[in-house]
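Below: one structure, written as structure tokens.
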Amino acid sequence: MANIQFGTDGWRAVIAQDFTFANVARVAQATADFWTAQIRNPASALFGRPPKAVVGYDRRFFSDRFARTTAEVFAGNGYEVILTPEPTPTPSVSFAVKNLGAVGGVMITASHNPPIFNGFKLKSHFGGSSGPADCQAVESWLDKNPPRFGIPESAARILSRDVRPAHFAAIKRLVDFKLIARSRLRVAHDALFGVGAGVFETLLAKTSCTATTLNGRYDVLFGGICPEPLPKNYVLGGAQLRRHPHDICLVTDGDADRIGAMDGHGAPLTNQQVIALLLHHLVRNRGGRGVITKTFNTTAMVDKMCAAWNLPLTEVGIGFRFIAPELMKPGALFGAEESGSVGFANHIPERDGLAAGLFLLEMLALEKTSVNRLYARLEKEFGPHRYARFDAQYPLEKRAALMESLKTNPPARLLRSPLAAVDARDGVKFVARDATWLMLRGSGTEPVLRIYAEAQSDDAVRKLLKLGTSLLLQGRQF
């Protein structure tokens with residue numbers, strides 16, 4: 001049996017290797033045991049709630065079957081299970097957990113990972129990803145009880161329900177949807193072959209806008225890419241946009257909880273640029289005030305914007321599970337991480353690529369100019385911030401030695417600027433006096449080492465990535 005551990009966002013593994021029906025049933029039973037213990041604890045906020053759970057799934061190979069197995073185990077443990085009838089965006093499942101008063105939920109997805117992976121995302125009663133303590137608690141319940149399913153009467157406890165309409169209605173209420181509806185925007189949406197395909201066509205139906213889905217066919221191999229909103233994965237969509245321009249192209253990942261974008265002619269925007277544009281819109285156009293939360297591998301432009309607008313900024317570790325608790329605190333406004341994961345106050349404490357897409361459309365409808373001009377204005381005001389990321393295969397057994405070496409033997413300077421700080425909260429981040437930074441960190445969801453860099457020019461970023469690669473290669477000697 002596989003040694004199952006939850007990473008940055010759930011448990012993920014290679015299909016048929018460790019991600020098997022038997023192992024999914026083990027994790028589902030551990031989850032049910034944990035939830036049941038919480039319900040029976042009078043000190044728990046869940047005390048007295050009906051034992052209801054929500055299970056959804058994405059378009060990956062056998063996701064529907066893995067979701068059914070999960071639902072059967074929950075039903076066998078006495079839960080009423082809402083099982084989505086077809087592939088469903090993760091934020092729709094998270095919204096349903098909170099909206100239906102469920103104890104928790106599970107989304108069968110590996111999000112942006114390569115097609116050979118699948119995953120088990122755990123959702124808590126508040127409608128967001130379960131935190132590290134809850135995930136560790138589920139791990140502690142593994143194999144304490146054999147999976148309980150196959151009880152004849154339990155089948156009646158599994159209810160098929162489409163949870164998307166309620167979520168779609170909720171995100172339309174977050175924005176001035178009437179403004180969007182009359183804007184005549186030409187909106188493209190690159191679904192990267194993921195579960196978001198067709199969503200913006202549904203949201204914008206019966207409006208003056210036109211919505212076109214790119215790369216929306218059901219393909220468990222995701223057209224040969226990883227369904228992650230990164231410029232390297234925009235080749236197919238970019239080519240289509242050059243032939244048929246739009247005002248903007250929204251991009252969502254495999255389970256539609258993350259947001260990326262291209263301009264209307266197929267030129268990619270980085271996730272960092274999208275984050276800065278969203279913050280600009282929330283504060284300057286919508287008059288938002290409150291605490292901004294970002295992970296420490298997110299663009300330094302956010303720091304400058306918060307300082308200029310006198311907004312409190314909280315910096316947390318990498319993973320939206322660290323942002324979600326901040327969004328639930330009074331006075332929160334917005335949370336973002338480098339990967340394109342963004343969340344909004346007065347909504348579920350969850351990343352929501354679909355809600356983010358509507359906010360971007362509201363921004364264009366209001367400002368009546370292109371995303372390129374909007375971002376150029378931000379760079380004129382806050383200085384150029386160019387960013388890139390490189391993902392490298394790296395032996396897991398050498399990762400710890402590399403990180404320790406980088407902490408104790410940092411480079412004296414980044415390009416021409418002396419080193420000012422080393423941050424080793426998660427991976428190692430080097431920050432220069434001129435705010436240029438370079439970071440190396442192991443992925444929490446796959447055997448990959450990521451190199452991040454931000455500087456004032458694209459050329460400087462390329463040089464930083466080259467420096468990061470040389471540090472990585474030196475680490476292979478350990």
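The chains in the structure tokens are called A, B, ... from first to last as shown; in each chain the residues are counted from 1, and the ligands are counted from 1 in the order shown.
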
- Close residues, Ala261 of chain A itself excluded, 8 Å, only C-alpha atoms, min 5 positions apart in chain, as an NGL selection string: :A and (229 or 248-251 or 268-271 or 274)

- Query: Got a sec: who's within 12 Å of Met1 of chain A, counting only C-alpha atoms, leaving out chain neighbours fewer than 3 positions off, as a ChimeraX atom specification?
  - Reply: /A:4,17-27,142-143

Keeping only C-alpha atoms, write the selected residues as an mmCIF file, in the first residue's frame.
data_model
loop_
_atom_site.group_PDB
_atom_site.id
_atom_site.type_symbol
_atom_site.label_atom_id
_atom_site.label_comp_id
_atom_site.auth_asym_id
_atom_site.auth_seq_id
_atom_site.Cartn_x
_atom_site.Cartn_y
_atom_site.Cartn_z
ATOM 1 C CA ILE A 4 -0.060 8.615 1.402
ATOM 2 C CA GLN A 17 0.836 3.467 -9.633
ATOM 3 C CA ASP A 18 -0.234 4.923 -6.287
ATOM 4 C CA PHE A 19 -3.488 6.615 -7.286
ATOM 5 C CA THR A 20 -5.598 3.440 -7.334
ATOM 6 C CA PHE A 21 -9.164 2.634 -6.310
ATOM 7 C CA ALA A 22 -7.890 0.841 -3.217
ATOM 8 C CA ASN A 23 -5.801 3.806 -2.091
ATOM 9 C CA VAL A 24 -8.566 6.314 -2.849
ATOM 10 C CA ALA A 25 -10.884 4.209 -0.681
ATOM 11 C CA ARG A 26 -8.295 4.263 2.122
ATOM 12 C CA VAL A 27 -8.069 8.052 2.007
ATOM 13 C CA LEU A 142 -5.287 6.110 7.576
ATOM 14 C CA ASP A 143 -5.916 2.363 7.912
#

- Query: Counting only C-alpha atoms, what is within 9 Å of Ser63 of chain A, bar same-chain residues fewer than 4 positions away, as a PyMOL selection string?
  - Reply: chain A and resi 56-59+67-68+87+108-109+118-119

- Task: Identify, with DSSP run on backbone atoms, the residues in segment 60-267 of chain A assigned to helix (DSSP H, G or I), and express the list as a ChimeraX atom specification.
- Result: /A:63-76,90-99,132-141,152-157,164-174,177-181,199-203,222-224,231-233,235-243

Kindly export the residues of the current selection with C-alpha atoms, as an mmCIF file, in the first residue's frame.
data_model
loop_
_atom_site.group_PDB
_atom_site.id
_atom_site.type_symbol
_atom_site.label_atom_id
_atom_site.label_comp_id
_atom_site.auth_asym_id
_atom_site.auth_seq_id
_atom_site.Cartn_x
_atom_site.Cartn_y
_atom_site.Cartn_z
ATOM 1 C CA SER A 63 -11.907 10.847 -12.293
ATOM 2 C CA ASP A 64 -15.608 9.994 -12.371
ATOM 3 C CA ARG A 65 -14.886 6.466 -11.153
ATOM 4 C CA PHE A 66 -12.575 7.644 -8.376
ATOM 5 C CA ALA A 67 -15.250 10.145 -7.321
ATOM 6 C CA ARG A 68 -17.855 7.376 -7.230
ATOM 7 C CA THR A 69 -15.603 5.246 -5.028
ATOM 8 C CA THR A 70 -15.135 8.194 -2.670
ATOM 9 C CA ALA A 71 -18.886 8.806 -2.543
ATOM 10 C CA GLU A 72 -19.598 5.140 -1.832
ATOM 11 C CA VAL A 73 -17.187 5.115 1.106
ATOM 12 C CA PHE A 74 -18.744 8.285 2.535
ATOM 13 C CA ALA A 75 -22.228 6.823 2.096
ATOM 14 C CA GLY A 76 -21.097 3.631 3.779
ATOM 15 C CA THR A 90 -13.259 23.000 -8.076
ATOM 16 C CA PRO A 91 -14.621 26.388 -6.865
ATOM 17 C CA SER A 92 -18.151 25.177 -7.657
ATOM 18 C CA VAL A 93 -17.593 22.182 -5.375
ATOM 19 C CA SER A 94 -16.090 24.376 -2.655
ATOM 20 C CA PHE A 95 -19.023 26.781 -2.874
ATOM 21 C CA ALA A 96 -21.452 23.868 -2.594
ATOM 22 C CA VAL A 97 -19.790 22.642 0.600
ATOM 23 C CA LYS A 98 -20.493 25.948 2.315
ATOM 24 C CA ASN A 99 -23.790 26.666 0.581
ATOM 25 C CA PRO A 132 -2.291 21.536 7.250
ATOM 26 C CA ALA A 133 -3.606 20.458 10.668
ATOM 27 C CA ASP A 134 -6.737 18.848 9.189
ATOM 28 C CA CYS A 135 -4.768 17.154 6.428
ATOM 29 C CA GLN A 136 -2.330 15.718 8.976
ATOM 30 C CA ALA A 137 -5.270 14.554 11.063
ATOM 31 C CA VAL A 138 -6.698 12.682 8.054
ATOM 32 C CA GLU A 139 -3.284 11.075 7.519
ATOM 33 C CA SER A 140 -3.342 9.925 11.161
ATOM 34 C CA TRP A 141 -6.638 8.096 10.532
ATOM 35 C CA PRO A 152 -27.130 -1.847 0.062
ATOM 36 C CA GLU A 153 -28.986 0.982 1.820
ATOM 37 C CA SER A 154 -26.037 3.364 1.421
ATOM 38 C CA ALA A 155 -26.640 3.748 -2.327
ATOM 39 C CA ALA A 156 -29.741 5.817 -1.571
ATOM 40 C CA ARG A 157 -27.533 8.301 0.297
ATOM 41 C CA ARG A 164 -22.561 24.779 -10.778
ATOM 42 C CA PRO A 165 -25.640 27.028 -11.196
ATOM 43 C CA ALA A 166 -25.592 28.206 -7.569
ATOM 44 C CA HIS A 167 -21.880 29.012 -7.809
ATOM 45 C CA PHE A 168 -22.287 30.808 -11.128
ATOM 46 C CA ALA A 169 -25.092 32.935 -9.669
ATOM 47 C CA ALA A 170 -22.916 33.805 -6.670
ATOM 48 C CA ILE A 171 -19.923 34.993 -8.705
ATOM 49 C CA LYS A 172 -22.166 37.092 -10.952
ATOM 50 C CA ARG A 173 -23.336 38.879 -7.794
ATOM 51 C CA LEU A 174 -19.719 39.714 -6.886
ATOM 52 C CA PHE A 177 -22.764 42.035 -14.108
ATOM 53 C CA LYS A 178 -25.154 44.462 -15.818
ATOM 54 C CA LEU A 179 -22.113 46.568 -16.783
ATOM 55 C CA ILE A 180 -20.410 43.514 -18.253
ATOM 56 C CA ALA A 181 -23.604 42.424 -19.991
ATOM 57 C CA VAL A 199 -18.265 28.194 -18.493
ATOM 58 C CA PHE A 200 -17.838 31.736 -19.829
ATOM 59 C CA GLU A 201 -20.161 30.972 -22.707
ATOM 60 C CA THR A 202 -22.733 30.010 -20.067
ATOM 61 C CA LEU A 203 -22.026 33.035 -17.863
ATOM 62 C CA PHE A 222 -4.858 17.871 -22.254
ATOM 63 C CA GLY A 223 -3.642 18.251 -25.809
ATOM 64 C CA GLY A 224 -0.137 17.188 -24.763
ATOM 65 C CA PRO A 231 2.765 31.380 -21.067
ATOM 66 C CA LYS A 232 4.531 28.212 -22.269
ATOM 67 C CA ASN A 233 1.120 26.509 -22.428
ATOM 68 C CA VAL A 235 0.851 28.297 -27.847
ATOM 69 C CA LEU A 236 -2.335 26.712 -29.218
ATOM 70 C CA GLY A 237 -4.638 29.402 -27.866
ATOM 71 C CA GLY A 238 -2.302 32.201 -28.920
ATOM 72 C CA ALA A 239 -2.258 30.960 -32.510
ATOM 73 C CA GLN A 240 -6.069 30.931 -32.598
ATOM 74 C CA LEU A 241 -6.215 34.480 -31.215
ATOM 75 C CA ARG A 242 -3.811 35.783 -33.823
ATOM 76 C CA ARG A 243 -6.194 34.505 -36.481
#

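The closest residue to Ser341 of chain A, picked from A:Lys368, A:Arg184, A:Arg284, A:Arg258 and counting only C-alpha atoms, is A:Arg258.
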
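Considering only C-alpha atoms, the residue among A:Gly290, A:Gly266, A:Gly128, A:Gly78 positioned nearest to Arg148 of chain A is A:Gly78.
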